[in-house]
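**Student:** Pasting start_34.cif here (mmCIF, C-alpha atoms and all ligand atoms):
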```
data_query
loop_
_atom_site.group_PDB
_atom_site.id
_atom_site.type_symbol
_atom_site.label_atom_id
_atom_site.label_comp_id
_atom_site.auth_asym_id
_atom_site.auth_seq_id
_atom_site.Cartn_x
_atom_site.Cartn_y
_atom_site.Cartn_z
ATOM 1 C CA MET A 19 -17.827 117.799 -55.343
ATOM 2 C CA GLU A 20 -19.541 121.149 -54.972
ATOM 3 C CA GLU A 21 -17.622 124.089 -56.473
ATOM 4 C CA ARG A 22 -18.399 126.294 -53.456
ATOM 5 C CA LEU A 23 -16.746 123.717 -51.158
ATOM 6 C CA LEU A 24 -13.650 123.381 -53.337
ATOM 7 C CA GLY A 25 -13.366 127.169 -53.460
ATOM 8 C CA ALA A 26 -13.645 127.436 -49.677
ATOM 9 C CA MET A 27 -10.896 124.816 -49.205
ATOM 10 C CA ARG A 28 -8.647 126.623 -51.678
ATOM 11 C CA GLU A 29 -9.208 129.909 -49.861
ATOM 12 C CA VAL A 30 -8.143 128.471 -46.488
ATOM 13 C CA ALA A 31 -4.928 127.208 -48.071
ATOM 14 C CA GLU A 32 -4.204 130.441 -49.946
ATOM 15 C CA LYS A 33 -4.922 132.728 -46.999
ATOM 16 C CA LYS A 34 -2.603 130.621 -44.847
ATOM 17 C CA GLY A 35 -5.407 129.743 -42.463
ATOM 18 C CA LYS A 36 -5.079 127.427 -39.475
ATOM 19 C CA ILE A 37 -6.341 123.924 -40.049
ATOM 20 C CA VAL A 38 -7.579 121.501 -37.391
ATOM 21 C CA VAL A 39 -8.430 117.939 -38.379
ATOM 22 C CA LEU A 40 -10.543 116.029 -35.844
ATOM 23 C CA THR A 41 -10.801 112.282 -36.404
ATOM 24 C CA GLY A 42 -12.762 109.366 -34.957
ATOM 25 C CA ALA A 43 -12.956 105.619 -35.467
ATOM 26 C CA GLY A 44 -14.420 106.025 -38.973
ATOM 27 C CA ILE A 45 -11.084 107.061 -40.477
ATOM 28 C CA SER A 46 -9.633 103.684 -39.450
ATOM 29 C CA ALA A 47 -12.627 101.660 -40.676
ATOM 30 C CA GLU A 48 -11.065 101.268 -44.132
ATOM 31 C CA SER A 49 -7.970 99.806 -42.418
ATOM 32 C CA GLY A 50 -10.179 97.031 -41.020
ATOM 33 C CA ILE A 51 -10.452 98.345 -37.458
ATOM 34 C CA PRO A 52 -14.043 97.990 -36.248
ATOM 35 C CA THR A 53 -15.689 101.268 -35.198
ATOM 36 C CA PHE A 54 -16.857 101.612 -31.608
ATOM 37 C CA ARG A 55 -20.548 101.450 -32.163
ATOM 38 C CA GLY A 56 -20.496 98.704 -34.802
ATOM 39 C CA PRO A 57 -21.406 95.011 -34.068
ATOM 40 C CA GLU A 58 -17.743 93.983 -33.552
ATOM 41 C CA GLY A 59 -17.480 95.882 -30.291
ATOM 42 C CA PHE A 60 -19.016 93.202 -28.040
ATOM 43 C CA TRP A 61 -17.000 91.064 -25.621
ATOM 44 C CA THR A 62 -18.178 87.943 -23.782
ATOM 45 C CA VAL A 63 -17.197 87.332 -20.166
ATOM 46 C CA GLY A 64 -18.651 84.109 -18.760
ATOM 47 C CA SER A 65 -22.231 84.014 -19.977
ATOM 48 C CA ARG A 66 -22.595 87.763 -20.449
ATOM 49 C CA GLU A 67 -21.941 90.045 -23.388
ATOM 50 C CA TYR A 68 -20.355 93.377 -22.528
ATOM 51 C CA ARG A 69 -20.399 96.532 -24.619
ATOM 52 C CA PRO A 70 -17.267 98.700 -24.947
ATOM 53 C CA GLU A 71 -18.993 101.212 -22.645
ATOM 54 C CA GLU A 72 -18.821 98.550 -19.905
ATOM 55 C CA MET A 73 -15.409 97.028 -20.724
ATOM 56 C CA ALA A 74 -13.550 100.309 -21.177
ATOM 57 C CA THR A 75 -14.068 101.504 -17.609
ATOM 58 C CA TYR A 76 -11.941 101.910 -14.522
ATOM 59 C CA ALA A 77 -14.659 100.040 -12.633
ATOM 60 C CA MET A 78 -14.193 96.943 -14.815
ATOM 61 C CA PHE A 79 -10.392 97.201 -14.592
ATOM 62 C CA SER A 80 -10.585 97.333 -10.772
ATOM 63 C CA ARG A 81 -12.817 94.247 -10.651
ATOM 64 C CA ASN A 82 -11.228 92.234 -13.418
ATOM 65 C CA PRO A 83 -7.880 93.552 -14.681
ATOM 66 C CA ASP A 84 -7.007 90.292 -16.480
ATOM 67 C CA GLU A 85 -10.194 90.389 -18.541
ATOM 68 C CA VAL A 86 -9.705 94.058 -19.450
ATOM 69 C CA TRP A 87 -6.112 93.365 -20.502
ATOM 70 C CA GLN A 88 -7.175 90.335 -22.578
ATOM 71 C CA TRP A 89 -9.656 92.564 -24.398
ATOM 72 C CA TYR A 90 -7.066 95.292 -24.979
ATOM 73 C CA LEU A 91 -4.347 92.839 -26.074
ATOM 74 C CA TYR A 92 -6.763 91.385 -28.611
ATOM 75 C CA ARG A 93 -7.547 94.891 -29.908
ATOM 76 C CA ILE A 94 -3.851 95.879 -29.934
ATOM 77 C CA GLY A 95 -3.195 92.828 -32.146
ATOM 78 C CA ILE A 96 -5.832 94.042 -34.633
ATOM 79 C CA CYS A 97 -4.419 97.580 -34.661
ATOM 80 C CA ARG A 98 -0.821 96.446 -35.129
ATOM 81 C CA ALA A 99 -1.807 94.190 -38.030
ATOM 82 C CA ALA A 100 -3.705 97.045 -39.730
ATOM 83 C CA GLU A 101 -2.103 99.505 -42.156
ATOM 84 C CA PRO A 102 -2.823 103.230 -42.495
ATOM 85 C CA ASN A 103 -5.246 103.875 -45.378
ATOM 86 C CA ALA A 104 -5.612 106.703 -47.919
ATOM 87 C CA GLY A 105 -7.437 108.810 -45.306
ATOM 88 C CA HIS A 106 -4.581 108.621 -42.773
ATOM 89 C CA LEU A 107 -1.994 109.219 -45.505
ATOM 90 C CA THR A 108 -3.843 112.341 -46.663
ATOM 91 C CA VAL A 109 -3.953 113.724 -43.118
ATOM 92 C CA ALA A 110 -0.190 113.083 -42.818
ATOM 93 C CA ARG A 111 0.345 114.887 -46.108
ATOM 94 C CA MET A 112 -1.610 117.874 -44.770
ATOM 95 C CA GLU A 113 0.805 118.164 -41.869
ATOM 96 C CA ALA A 114 3.777 117.910 -44.235
ATOM 97 C CA LEU A 115 2.306 120.695 -46.406
ATOM 98 C CA PHE A 116 0.891 123.059 -43.800
ATOM 99 C CA GLY A 117 3.395 122.542 -40.953
ATOM 100 C CA ASP A 118 2.620 124.620 -37.871
ATOM 101 C CA ARG A 119 -0.666 125.840 -39.357
ATOM 102 C CA PHE A 120 -1.908 122.259 -38.958
ATOM 103 C CA LEU A 121 -3.053 120.302 -35.915
ATOM 104 C CA LEU A 122 -4.589 116.854 -35.596
ATOM 105 C CA ILE A 123 -6.957 115.998 -32.758
ATOM 106 C CA THR A 124 -7.763 112.289 -32.754
ATOM 107 C CA GLN A 125 -10.047 110.165 -30.630
ATOM 108 C CA ASN A 126 -8.393 107.053 -31.972
ATOM 109 C CA VAL A 127 -6.073 105.066 -29.760
ATOM 110 C CA ASP A 128 -4.881 102.824 -32.622
ATOM 111 C CA GLY A 129 -1.706 104.778 -33.468
ATOM 112 C CA LEU A 130 -2.394 104.713 -37.239
ATOM 113 C CA HIS A 131 -2.046 108.485 -37.674
ATOM 114 C CA LEU A 132 1.477 108.407 -36.253
ATOM 115 C CA ARG A 133 2.354 105.376 -38.369
ATOM 116 C CA ALA A 134 1.063 107.265 -41.433
ATOM 117 C CA GLY A 135 3.530 110.067 -40.706
ATOM 118 C CA ASN A 136 1.838 112.641 -38.459
ATOM 119 C CA SER A 137 4.168 113.899 -35.734
ATOM 120 C CA LEU A 138 3.493 113.425 -32.042
ATOM 121 C CA ALA A 139 4.096 117.168 -31.577
ATOM 122 C CA ARG A 140 1.164 118.052 -33.863
ATOM 123 C CA THR A 141 -1.138 115.178 -32.843
ATOM 124 C CA PHE A 142 -3.313 115.392 -29.752
ATOM 125 C CA GLN A 143 -4.368 111.848 -28.869
ATOM 126 C CA ILE A 144 -7.286 112.983 -26.734
ATOM 127 C CA HIS A 145 -8.310 109.433 -25.770
ATOM 128 C CA GLY A 146 -4.738 108.202 -25.255
ATOM 129 C CA SER A 147 -2.904 105.393 -27.048
ATOM 130 C CA ILE A 148 -2.983 101.632 -26.679
ATOM 131 C CA GLU A 149 0.779 101.439 -27.149
ATOM 132 C CA PHE A 150 1.273 103.152 -23.771
ATOM 133 C CA VAL A 151 0.482 102.251 -20.157
ATOM 134 C CA ARG A 152 0.505 103.940 -16.780
ATOM 135 C CA CYS A 153 0.287 102.891 -13.142
ATOM 136 C CA GLY A 154 -3.108 101.375 -12.331
ATOM 137 C CA VAL A 155 -3.123 102.940 -8.861
ATOM 138 C CA ASP A 156 -1.687 106.306 -9.958
ATOM 139 C CA CYS A 157 1.538 106.095 -7.908
ATOM 140 C CA THR A 158 3.089 108.247 -10.655
ATOM 141 C CA LYS A 159 1.781 110.367 -13.519
ATOM 142 C CA GLU A 160 4.451 108.930 -15.794
ATOM 143 C CA VAL A 161 3.389 107.182 -19.013
ATOM 144 C CA PHE A 162 5.404 104.161 -20.215
ATOM 145 C CA PRO A 163 5.524 102.310 -23.555
ATOM 146 C CA LEU A 164 3.760 98.935 -23.405
ATOM 147 C CA SER A 165 6.512 96.392 -22.719
ATOM 148 C CA PRO A 166 7.528 94.339 -25.789
ATOM 149 C CA ALA A 167 7.431 91.293 -23.455
ATOM 150 C CA VAL A 168 3.615 91.523 -23.417
ATOM 151 C CA ARG A 169 2.158 89.345 -26.196
ATOM 152 C CA VAL A 170 -0.933 90.299 -28.188
ATOM 153 C CA LYS A 171 -3.807 87.833 -27.857
ATOM 154 C CA LYS A 172 -6.272 85.941 -29.990
ATOM 155 C CA LYS A 173 -9.887 86.513 -28.977
ATOM 156 C CA HIS A 174 -10.340 85.359 -25.343
ATOM 157 C CA GLU A 175 -6.804 83.930 -25.090
ATOM 158 C CA PRO A 176 -5.739 84.180 -21.426
ATOM 159 C CA LEU A 177 -2.779 86.181 -20.139
ATOM 160 C CA SER A 178 0.414 84.268 -19.356
ATOM 161 C CA ASP A 179 2.465 84.671 -16.153
ATOM 162 C CA GLY A 180 5.049 86.460 -18.340
ATOM 163 C CA ASP A 181 2.415 88.970 -19.488
ATOM 164 C CA ARG A 182 1.315 89.607 -15.903
ATOM 165 C CA GLU A 183 4.925 90.162 -14.864
ATOM 166 C CA ALA A 184 5.502 92.596 -17.753
ATOM 167 C CA LEU A 185 2.288 94.479 -16.925
ATOM 168 C CA ARG A 186 3.673 95.778 -13.604
ATOM 169 C CA CYS A 187 4.308 99.428 -12.787
ATOM 170 C CA PRO A 188 8.087 100.039 -12.854
ATOM 171 C CA LYS A 189 7.711 102.328 -9.807
ATOM 172 C CA CYS A 190 5.452 100.446 -7.384
ATOM 173 C CA GLY A 191 4.863 96.974 -8.874
ATOM 174 C CA SER A 192 1.061 97.371 -9.136
ATOM 175 C CA ARG A 193 -0.708 96.371 -12.320
ATOM 176 C CA VAL A 194 -0.386 98.942 -15.107
ATOM 177 C CA ARG A 195 -3.445 100.025 -17.102
ATOM 178 C CA PRO A 196 -3.785 101.031 -20.747
ATOM 179 C CA HIS A 197 -3.103 104.761 -21.243
ATOM 180 C CA VAL A 198 -6.587 105.460 -22.570
ATOM 181 C CA LEU A 199 -9.541 107.529 -21.434
ATOM 182 C CA TRP A 200 -12.207 105.248 -20.038
ATOM 183 C CA PHE A 201 -15.958 105.829 -20.038
ATOM 184 C CA ASP A 202 -16.109 106.470 -16.293
ATOM 185 C CA GLU A 203 -13.239 108.987 -16.423
ATOM 186 C CA CYS A 204 -12.868 112.663 -17.317
ATOM 187 C CA TYR A 205 -10.711 114.508 -19.801
ATOM 188 C CA ASN A 206 -7.731 116.450 -18.457
ATOM 189 C CA GLU A 207 -4.885 118.500 -19.899
ATOM 190 C CA GLU A 208 -2.018 116.382 -18.648
ATOM 191 C CA TYR A 209 -2.931 113.142 -20.387
ATOM 192 C CA TYR A 210 -5.502 114.151 -22.978
ATOM 193 C CA ARG A 211 -4.758 117.792 -23.967
ATOM 194 C CA PHE A 212 -8.209 119.032 -22.994
ATOM 195 C CA ASN A 213 -7.395 122.754 -22.634
ATOM 196 C CA SER A 214 -4.914 122.767 -25.503
ATOM 197 C CA SER A 215 -7.542 121.307 -27.838
ATOM 198 C CA LEU A 216 -10.011 124.080 -26.981
ATOM 199 C CA ARG A 217 -7.316 126.754 -27.295
ATOM 200 C CA ILE A 218 -6.325 125.504 -30.752
ATOM 201 C CA ALA A 219 -9.990 125.242 -31.783
ATOM 202 C CA ALA A 220 -10.468 128.944 -31.003
ATOM 203 C CA GLU A 221 -7.828 129.793 -33.622
ATOM 204 C CA ALA A 222 -8.984 127.431 -36.353
ATOM 205 C CA ASP A 223 -9.998 128.800 -39.756
ATOM 206 C CA LEU A 224 -10.974 125.300 -40.883
ATOM 207 C CA LEU A 225 -12.188 122.340 -38.826
ATOM 208 C CA LEU A 226 -12.258 119.121 -40.788
ATOM 209 C CA THR A 227 -14.187 116.481 -38.839
ATOM 210 C CA VAL A 228 -13.709 112.937 -40.096
ATOM 211 C CA GLY A 229 -15.383 109.643 -39.200
ATOM 212 C CA THR A 230 -16.798 110.533 -35.818
ATOM 213 C CA SER A 231 -20.300 110.048 -34.452
ATOM 214 C CA GLY A 232 -19.968 112.995 -32.060
ATOM 215 C CA ALA A 233 -20.675 110.879 -28.997
ATOM 216 C CA THR A 234 -17.966 112.387 -26.797
ATOM 217 C CA ASN A 235 -17.760 115.695 -25.053
ATOM 218 C CA LEU A 236 -14.460 117.328 -26.062
ATOM 219 C CA PRO A 237 -14.918 116.847 -29.831
ATOM 220 C CA MET A 238 -18.370 118.434 -29.660
ATOM 221 C CA GLN A 239 -16.929 121.345 -27.669
ATOM 222 C CA VAL A 240 -14.200 121.785 -30.289
ATOM 223 C CA GLY A 241 -16.925 121.994 -32.949
ATOM 224 C CA HIS A 242 -18.914 124.569 -30.980
ATOM 225 C CA VAL A 243 -15.842 126.746 -30.361
ATOM 226 C CA VAL A 244 -14.910 126.763 -34.054
ATOM 227 C CA ALA A 245 -18.508 127.571 -35.014
ATOM 228 C CA GLN A 246 -18.678 130.420 -32.481
ATOM 229 C CA LYS A 247 -15.454 131.946 -33.782
ATOM 230 C CA GLY A 248 -16.696 131.777 -37.353
ATOM 231 C CA GLY A 249 -14.345 129.042 -38.634
ATOM 232 C CA LEU A 250 -15.396 126.836 -41.535
ATOM 233 C CA ILE A 251 -16.558 123.309 -40.605
ATOM 234 C CA VAL A 252 -16.332 120.504 -43.148
ATOM 235 C CA ASP A 253 -17.562 117.055 -42.094
ATOM 236 C CA VAL A 254 -16.590 113.804 -43.820
ATOM 237 C CA ASN A 255 -18.701 110.749 -42.990
ATOM 238 C CA PRO A 256 -20.825 108.198 -44.886
ATOM 239 C CA ASP A 257 -23.649 108.851 -42.406
ATOM 240 C CA VAL A 258 -25.422 111.880 -41.022
ATOM 241 C CA ASN A 259 -24.042 112.837 -37.597
ATOM 242 C CA PRO A 260 -23.981 115.876 -35.263
ATOM 243 C CA PHE A 261 -20.952 117.422 -37.009
ATOM 244 C CA ALA A 262 -22.786 117.310 -40.334
ATOM 245 C CA SER A 263 -25.614 119.335 -38.767
ATOM 246 C CA MET A 264 -23.156 121.696 -37.092
ATOM 247 C CA ALA A 265 -21.436 122.279 -40.452
ATOM 248 C CA GLY A 266 -24.801 122.837 -42.152
ATOM 249 C CA GLN A 267 -25.921 125.380 -39.564
ATOM 250 C CA ASN A 268 -22.719 127.412 -39.825
ATOM 251 C CA GLY A 269 -22.206 127.773 -43.548
ATOM 252 C CA GLY A 270 -19.980 124.686 -43.742
ATOM 253 C CA PHE A 271 -20.260 121.449 -45.671
ATOM 254 C CA PHE A 272 -21.141 117.787 -45.193
ATOM 255 C CA CYS A 273 -19.181 115.532 -47.551
ATOM 256 C CA GLN A 274 -21.055 112.273 -47.452
ATOM 257 C CA GLY A 275 -18.784 109.299 -48.136
ATOM 258 C CA PRO A 276 -15.788 107.296 -46.885
ATOM 259 C CA SER A 277 -12.761 109.295 -45.774
ATOM 260 C CA GLY A 278 -10.305 107.335 -47.946
ATOM 261 C CA THR A 279 -12.073 108.690 -51.023
ATOM 262 C CA ILE A 280 -13.136 112.161 -49.864
ATOM 263 C CA LEU A 281 -10.023 113.423 -48.064
ATOM 264 C CA PRO A 282 -7.667 113.164 -51.073
ATOM 265 C CA LYS A 283 -10.163 115.214 -53.115
ATOM 266 C CA LEU A 284 -10.332 117.909 -50.443
ATOM 267 C CA LEU A 285 -6.549 118.090 -50.258
ATOM 268 C CA ASP A 286 -6.386 118.350 -54.047
ATOM 269 C CA ALA A 287 -8.656 121.382 -53.870
ATOM 270 C CA MET A 288 -6.301 122.954 -51.328
ATOM 271 C CA THR A 289 -3.158 122.402 -53.350
ATOM 272 C CA ASN A 290 -4.266 123.025 -56.949
HETATM 273 P P1 LIG A 301 -18.011 105.696 -33.513
HETATM 274 O O1 LIG A 301 -17.856 104.217 -33.691
HETATM 275 O O2 LIG A 301 -18.975 106.211 -32.540
HETATM 276 O O3 LIG A 301 -18.395 106.339 -34.917
HETATM 277 C C1 LIG A 301 -17.703 106.035 -36.099
HETATM 278 C C2 LIG A 301 -18.144 107.000 -37.177
HETATM 279 O O4 LIG A 301 -17.393 106.712 -38.358
HETATM 280 C C3 LIG A 301 -19.624 106.876 -37.561
HETATM 281 O O5 LIG A 301 -20.186 108.171 -37.606
HETATM 282 C C4 LIG A 301 -19.581 106.235 -38.951
HETATM 283 O O6 LIG A 301 -20.636 106.692 -39.772
HETATM 284 C C5 LIG A 301 -18.243 106.746 -39.474
HETATM 285 N N1 LIG A 301 -17.627 105.921 -40.532
HETATM 286 C C6 LIG A 301 -17.756 104.607 -40.782
HETATM 287 N N2 LIG A 301 -17.036 104.245 -41.841
HETATM 288 C C7 LIG A 301 -16.395 105.367 -42.292
HETATM 289 C C8 LIG A 301 -15.491 105.663 -43.363
HETATM 290 N N3 LIG A 301 -15.070 104.733 -44.204
HETATM 291 N N4 LIG A 301 -15.056 106.939 -43.488
HETATM 292 C C9 LIG A 301 -15.461 107.911 -42.646
HETATM 293 N N5 LIG A 301 -16.322 107.689 -41.626
HETATM 294 C C10 LIG A 301 -16.766 106.437 -41.446
HETATM 295 O O7 LIG A 301 -16.541 106.262 -33.265
HETATM 296 P P2 LIG A 301 -16.063 107.626 -32.625
HETATM 297 O O8 LIG A 301 -16.902 108.783 -33.071
HETATM 298 O O9 LIG A 301 -14.613 107.723 -32.828
HETATM 299 O O10 LIG A 301 -14.107 106.919 -26.725
HETATM 300 O O11 LIG A 301 -16.347 107.369 -31.127
HETATM 301 C C11 LIG A 301 -15.927 108.359 -30.255
HETATM 302 C C12 LIG A 301 -15.430 107.790 -29.003
HETATM 303 O O12 LIG A 301 -16.479 107.069 -28.402
HETATM 304 C C13 LIG A 301 -14.307 106.780 -29.096
HETATM 305 O O13 LIG A 301 -13.049 107.352 -29.170
HETATM 306 C C14 LIG A 301 -14.474 106.069 -27.822
HETATM 307 C C15 LIG A 301 -15.947 105.864 -27.893
HETATM 308 O O14 LIG A 301 -16.661 105.750 -26.835
HETATM 309 C C16 LIG A 301 -13.530 106.413 -25.636
HETATM 310 O O15 LIG A 301 -13.229 105.254 -25.527
HETATM 311 C C17 LIG A 301 -13.286 107.411 -24.570
HETATM 312 ZN ZN ZN A 302 2.741 102.449 -9.621
#
```
Since I need it in another form, could you write the structure as C-alpha cells?
**Tutor:**
Amino acid sequence: MEERLLGAMREVAEKKGKIVVLTGAGISAESGIPTFRGPEGFWTVGSREYRPEEMATYAMFSRNPDEVWQWYLYRIGICRAAEPNAGHLTVARMEALFGDRFLLITQNVDGLHLRAGNSLARTFQIHGSIEFVRCGVDCTKEVFPLSPAVRVKKKHEPLSDGDREALRCPKCGSRVRPHVLWFDECYNEEYYRFNSSLRIAAEADLLLTVGTSGATNLPMQVGHVVAQKGGLIVDVNPDVNPFASMAGQNGGFFCQGPSGTILPKLLDAMTN
C-alpha cells in the first residue's frame, strides 16, 4: 500500500480527526450476500423477471404485497444466515477505537454492521433495516421489529396465513411494510437520517467509502460535501466507481481490492 496513503491515515488518527465510514452492498459481498447490481438480484413473478428496481418499490407493494414480502422474507433468510466478515469487524473496531469521532453511514439493510458490533447510536442506516417494519398505509410513524412469528422463506415459497396475520400493523391492522427506502421514495430525516448525514459529512476529516457503486443520491452528496470542505476521501472497491474518481480529484486515494483485505490494513496504519 502506498506510503503516502498510510501516512495520511496515520495523520487523521493522530490529529484526532473525525472519521465517517460510508458503506454499500460490497462490504457484505464477502459474507455471501449478493450485491444489488449483480446477477442474483432478479426475481420471477409469473412469466416475468423483475429487477430489484421494480420489486423494491411502493408501487409493487401496493399492487402485490404478498409477492414483495415473499421476496423480502427470502432475502432476510440469506442475511440472517450470513456472518459479518473481516470488513465489518474492522469497521466495528474503528468505532471501538475512535468513539464519538467515528460515524458509520450504511446503505445496507442487512444488519451485519450492528451484528459485528457497531452501535445503533453511531450507525445511520440510511436505507432502513430489513429487521424492522412500519405501517403500510402510514397510520403511524412508529417503527416496529419484524415479528418473530413471521417465518423466512425459501425462494418463491408462499406466505402462510400465520405470516399474513403477523404482518399486520399493531395500530390499524393494515399490512405492514419493510422499513426500507424504496426506489420510488425519497430520503427523509425521520427514517433515514438525511440531514444528519449531511451535517456529519461537513465535519469529516476522513471519508472512507467502501463497496458502493455510487448509484444513490445521499451517498454522492456526502462525498461532495466532504470534498468541498477539504476532507480526505479514501475509496475501497475492487472496481472503479464514482467515489474512486471523487477521491482522485480531491487528493484522496482509491484502494482497489476487496474490503475484507483492505480495511484491516488501513486500520493498522491508523493504529501503529
Ligand atoms: P451495488 O450493488 O450497486 O454496488 C456494489 C459495489 O460493491 C460495487 O461497486 C462493487 O464493485 C463493490 N464490491 C463488490 N465486491 C466487493 C468487495 N469484496 N469489497 C468491496 N467492494 C465490493 O450496491 P450499493 O452501492 O450498495 O438502495 O447500492 C446502493 C443502493 O442501490 C442500495 O442500497 C440499494 C440500491 O438500489 C435502495 O434499495 C434504496
Ligand atoms: Zn397502521
**Student:** Using only C-alpha atoms, find the one residue out of A:Cys187, A:Ala47, A:Phe120, A:His174 that sits nearest to Gly64 in chain A.
**Tutor:**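 Answer, going by the shortest atom-to-atom distance: A:His174.
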**Student:** What are the centre and the three edge lengths of an axis-aligned box that wraps all atoms of ligand LIG 301 (chain A) in the file, given that 6 Å is added to every side, written as lines of an AutoDock Vina configuration file and rounded to one decimal in Å?
**Tutor:**
```
center_x = -16.8
center_y = 106.5
center_z = -34.4
size_x = 19.6
size_y = 16.6
size_z = 31.6
```
**Student:** Here's the selection I'm unsure about, the PyMOL selection byres (((chain A and resi 97-105) around 8) and not hetatm); applied to the file above, which residues does it give, as a PDB file with C-alpha atoms, keeping the file's coordinate frame?
**Tutor:**
```
ATOM      1  CA  ILE A  45     -11.084 107.061 -40.477  1.00  0.00           C
ATOM      2  CA  SER A  46      -9.633 103.684 -39.450  1.00  0.00           C
ATOM      3  CA  GLU A  48     -11.065 101.268 -44.132  1.00  0.00           C
ATOM      4  CA  SER A  49      -7.970  99.806 -42.418  1.00  0.00           C
ATOM      5  CA  GLY A  50     -10.179  97.031 -41.020  1.00  0.00           C
ATOM      6  CA  ILE A  51     -10.452  98.345 -37.458  1.00  0.00           C
ATOM      7  CA  ARG A  93      -7.547  94.891 -29.908  1.00  0.00           C
ATOM      8  CA  ILE A  94      -3.851  95.879 -29.934  1.00  0.00           C
ATOM      9  CA  GLY A  95      -3.195  92.828 -32.146  1.00  0.00           C
ATOM     10  CA  ILE A  96      -5.832  94.042 -34.633  1.00  0.00           C
ATOM     11  CA  HIS A 106      -4.581 108.621 -42.773  1.00  0.00           C
ATOM     12  CA  LEU A 107      -1.994 109.219 -45.505  1.00  0.00           C
ATOM     13  CA  THR A 108      -3.843 112.341 -46.663  1.00  0.00           C
ATOM     14  CA  VAL A 109      -3.953 113.724 -43.118  1.00  0.00           C
ATOM     15  CA  ASP A 128      -4.881 102.824 -32.622  1.00  0.00           C
ATOM     16  CA  GLY A 129      -1.706 104.778 -33.468  1.00  0.00           C
ATOM     17  CA  LEU A 130      -2.394 104.713 -37.239  1.00  0.00           C
ATOM     18  CA  HIS A 131      -2.046 108.485 -37.674  1.00  0.00           C
ATOM     19  CA  ARG A 133       2.354 105.376 -38.369  1.00  0.00           C
ATOM     20  CA  ALA A 134       1.063 107.265 -41.433  1.00  0.00           C
ATOM     21  CA  SER A 277     -12.761 109.295 -45.774  1.00  0.00           C
ATOM     22  CA  GLY A 278     -10.305 107.335 -47.946  1.00  0.00           C
ATOM     23  CA  THR A 279     -12.073 108.690 -51.023  1.00  0.00           C
ATOM     24  CA  LEU A 281     -10.023 113.423 -48.064  1.00  0.00           C
ATOM     25  CA  PRO A 282      -7.667 113.164 -51.073  1.00  0.00           C
TER      26      PRO A 282
END
```
**Student:** How would you write, as a ChimeraX atom specification, the set of residues no farther than 8 Å from ligand LIG 301 (chain A) when counting only C-alpha atoms and all ligand atoms?
**Tutor:** /A:41-48,52-56,70-71,74,125-127,145,198-201,228-234,254-259,275-278
**Student:** Write a file of the just-selected residues containing C-alpha atoms, as a compact mmCIF listing (two decimals), keeping the file's coordinate frame.
**Tutor:**
```
# COMPACT_ATOMS: atom_id res chain seq x y z
CA THR A 41 -10.80 112.28 -36.40
CA GLY A 42 -12.76 109.37 -34.96
CA ALA A 43 -12.96 105.62 -35.47
CA GLY A 44 -14.42 106.02 -38.97
CA ILE A 45 -11.08 107.06 -40.48
CA SER A 46 -9.63 103.68 -39.45
CA ALA A 47 -12.63 101.66 -40.68
CA GLU A 48 -11.06 101.27 -44.13
CA PRO A 52 -14.04 97.99 -36.25
CA THR A 53 -15.69 101.27 -35.20
CA PHE A 54 -16.86 101.61 -31.61
CA ARG A 55 -20.55 101.45 -32.16
CA GLY A 56 -20.50 98.70 -34.80
CA PRO A 70 -17.27 98.70 -24.95
CA GLU A 71 -18.99 101.21 -22.64
CA ALA A 74 -13.55 100.31 -21.18
CA GLN A 125 -10.05 110.16 -30.63
CA ASN A 126 -8.39 107.05 -31.97
CA VAL A 127 -6.07 105.07 -29.76
CA HIS A 145 -8.31 109.43 -25.77
CA VAL A 198 -6.59 105.46 -22.57
CA LEU A 199 -9.54 107.53 -21.43
CA TRP A 200 -12.21 105.25 -20.04
CA PHE A 201 -15.96 105.83 -20.04
CA VAL A 228 -13.71 112.94 -40.10
CA GLY A 229 -15.38 109.64 -39.20
CA THR A 230 -16.80 110.53 -35.82
CA SER A 231 -20.30 110.05 -34.45
CA GLY A 232 -19.97 113.00 -32.06
CA ALA A 233 -20.68 110.88 -29.00
CA THR A 234 -17.97 112.39 -26.80
CA VAL A 254 -16.59 113.80 -43.82
CA ASN A 255 -18.70 110.75 -42.99
CA PRO A 256 -20.82 108.20 -44.89
CA ASP A 257 -23.65 108.85 -42.41
CA VAL A 258 -25.42 111.88 -41.02
CA ASN A 259 -24.04 112.84 -37.60
CA GLY A 275 -18.78 109.30 -48.14
CA PRO A 276 -15.79 107.30 -46.88
CA SER A 277 -12.76 109.30 -45.77
CA GLY A 278 -10.30 107.34 -47.95
```
**Student:** Evaluated on this file, the PyMOL selection byres (((chain A and resi 90) around 10) and not hetatm) picks out some residues - which ones are they, written as a ChimeraX atom specification?
**Tutor:** /A:73-74,84-89,91-96,148,170-171,195-196
**Student:** Using CA of Gly59 in chain A and CA of Val194 in chain A as the two end points, give the distance in Å to one decimal.
**Tutor:**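 Interatomic distance, CA of Gly59 in chain A to CA of Val194 in chain A: 23.1 Å.
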**Student:** With all atoms listed in the file counted, collect every polymer residue having an atom within 9 Å of ligand ZN 302 (chain A); state the result as a PyMOL selection string.
**Tutor:** chain A and resi 152-159+186-194
**Student:** Hey, which of A:Arg169, A:Asn290, A:Arg111, A:Ile218 ends up closest to Glu32 in chain A? Count all atoms listed in the file.
**Tutor:**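 Looking only at the distances to Glu32 in chain A, the closest residue turns out to be A:Asn290.
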**Student:** Contacts of Pro163 in chain A at 7 Å or less, counting only C-alpha atoms, minus same-chain residues fewer than 3 places along, as a VMD selection string?
**Tutor:** chain A and resid 149 to 151
**Student:** From the options A:Leu164, A:Met78, A:Leu40, A:Ala222, which residue's atoms come nearest to Leu236 in chain A, counting only C-alpha atoms?
**Tutor:**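 Closest residue, counting only C-alpha atoms: A:Leu40.
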**Student:** Name every residue that the PyMOL selection byres (((chain A and resi 208) around 12) and not hetatm) selects in this structure, writing the answer as a VMD selection string with chains first and numbers rising.
**Tutor:** chain A and resid 142 to 146 159 to 161 197 199 204 to 207 209 to 215
**Student:** Residues near Asp118 in chain A, anyone? I mean within 8 Å using all atoms listed in the file, not counting same-chain ones fewer than 3 positions away, as number ranges by chain.
**Tutor:** A: 113, 121, 140
